[in-house]
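K.L.:
The structure that follows is given in the form of C-alpha cells.
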Amino acid sequence: MEEEKKHDTKREILSYIWTIIIACAAAVLVSRYVLINAEIPSESMESLLKEDDRIFGCRLSYLFHGPERYDVVMFKYPVDEETIYIKRVIGLPGETVEIKDSKIYIDGSSEPIKEDYLPDEWVVGNDDFYFEVPKDCYFMLGDNRNISEDSRYWAQCAIDEGVETDEEKAQAYTYVHKDKIIGRAILKYFPHFHMFLNI
C-alpha cells in the first residue's frame, strides 16, 4: 500500500513536470512563430497607440497576401535591423507617393488618401516629398507625423549614423522590404483592451 502511494505521488509529480514543459514549449513556439508581444516606445503612433501601451501583433498575417494600405505593422528598422519599429503602411510596392501641403497623393492621383486617424494638424515634414516605392517594398509613416521618424527621414538617418555615405544609395533605407515585416498589430491589451479590426 505504501509502495503504491509512493508510485502515485511520483506519477503525479511527473505529470506536473510534463505539463509545465509542454506549456513552456507551447509559449515559446507561439511567441516565436505566431504572436509578437511589444511595448510602444514613443509617441509616433498617437493617438492610436500611446507610449508604454502593450500590444500583440500576428506573425501570420501576411502568409497569403501582402500588407495593405493603412495596416499598422511591426518591422525591422532599415537603418538598424536590431531595432523593431511600428508604423502605418502608406505606399505599396510600385507606387509613387507624393506629400504635398499635408496631403498624400498616390500614383499622381488628384485626390489625396483619407487619413482620419491623424491626431493633430500635420505641420512638420508635410510638403515637397516624392517617393517611388520599389518592388517588394513599403513606404511607412507614423500617425503622429510632427514627431515621427519614418520613411521621410530614414535615408538621412542612414547617412547620419554612418551606415551609408552615398546619398543615392542611402535612398534604399527609405523603404521596408516585405521580408523585414514581422507582423501586423492585432490588439492592445494594456492599459486598455482594444482590437485593431479596421485601423
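Identifiers in the C-alpha cells: chain A, B, ... in order shown; residue index from 1 per chain; ligand index from 1 in order shown.
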Contacts of Phe190 (chain A) at 7 Å or less, counting only C-alpha atoms, minus same-chain residues fewer than 2 places along, as number ranges by chain?
P.N.:
A: 53-54, 188, 192-193
K.L.:
Output the selection as a tab-separated table (two decimals), in the first residue's frame - C-alpha atoms for each residue.
P.N.:
chain	number	residue	atom	x	y	z
A	53	ASP	CA	0.97	50.70	-24.41
A	54	ARG	CA	1.35	46.93	-24.68
A	188	LYS	CA	-3.80	46.38	-27.46
A	192	HIS	CA	-6.94	49.13	-22.09
A	193	PHE	CA	-8.12	46.29	-24.31
K.L.:
Please provide the set of residues having any atom within 9 Å of Trp122 (chain A), restricted to only C-alpha atoms, with same-chain residues fewer than 3 positions apart removed, written as an MDAnalysis selection string.
P.N.:
chainID A and resid 101:103 118:119 125:126 144:146
K.L.:
Write the residues you've just listed into a file as a tab-separated table (two decimals), in the first residue's frame, and include N, CA and C atoms for each of them.
P.N.:
chain	number	residue	atom	x	y	z
A	101	ASP	N	1.58	69.69	-49.08
A	101	ASP	CA	0.71	70.52	-48.23
A	101	ASP	C	-0.14	69.67	-47.28
A	102	SER	N	0.53	68.76	-46.56
A	102	SER	CA	-0.09	67.91	-45.54
A	102	SER	C	-1.06	66.87	-46.10
A	103	LYS	N	-0.96	66.59	-47.39
A	103	LYS	CA	-1.79	65.58	-48.02
A	103	LYS	C	-0.89	64.58	-48.75
A	118	LEU	N	-5.14	60.87	-38.10
A	118	LEU	CA	-4.07	61.76	-37.65
A	118	LEU	C	-4.53	62.54	-36.43
A	119	PRO	N	-3.70	62.58	-35.36
A	119	PRO	CA	-4.16	63.20	-34.11
A	119	PRO	C	-4.14	64.72	-34.10
A	125	GLY	N	7.47	68.30	-41.87
A	125	GLY	CA	7.74	67.31	-42.91
A	125	GLY	C	6.50	67.01	-43.72
A	126	ASN	N	5.76	68.04	-44.08
A	126	ASN	CA	4.43	67.86	-44.68
A	126	ASN	C	4.33	68.32	-46.13
A	144	ASN	N	1.53	60.19	-35.85
A	144	ASN	CA	1.86	61.48	-35.24
A	144	ASN	C	3.00	62.10	-36.06
A	145	ARG	N	2.64	62.61	-37.23
A	145	ARG	CA	3.63	62.99	-38.25
A	145	ARG	C	4.60	64.08	-37.81
A	146	ASN	N	4.19	64.90	-36.88
A	146	ASN	CA	5.04	66.02	-36.47
A	146	ASN	C	6.27	65.57	-35.68
K.L.:
For Phe129 (chain A), list every protein, DNA or RNA residue within 7 Å, evaluated using only C-alpha atoms, and leave out those in the same chain fewer than 3 positions away; present the list as a PyMOL selection string.
P.N.:
chain A and resi 98-100
K.L.:
Using only C-alpha atoms for the distances, tell me which of A:Tyr117, A:Tyr138, A:Tyr105, A:Tyr62 is nearest to Val176 (chain A).
P.N.:
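Of A:Tyr117, A:Tyr138, A:Tyr105, A:Tyr62, the one nearest Val176 (chain A), counting only C-alpha atoms, is A:Tyr138.
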K.L.:
So, with only C-alpha atoms as the atoms that count, which of A:Ile186, A:Phe139, A:Lys114, A:Asp80 lies closest to Gly162 (chain A)?
P.N.:
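Under the stated criterion, the closest residue is A:Asp80.
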K.L.:
Using DSSP assignments from the backbone, pull out every residue in chain A that falls under strand (DSSP E) and give it to me as a PyMOL selection string.
P.N.:
chain A and resi 35-39+54-58+72-76+84-91+96-100+103-106+129-132+137-141+176-177+181-190+194-195
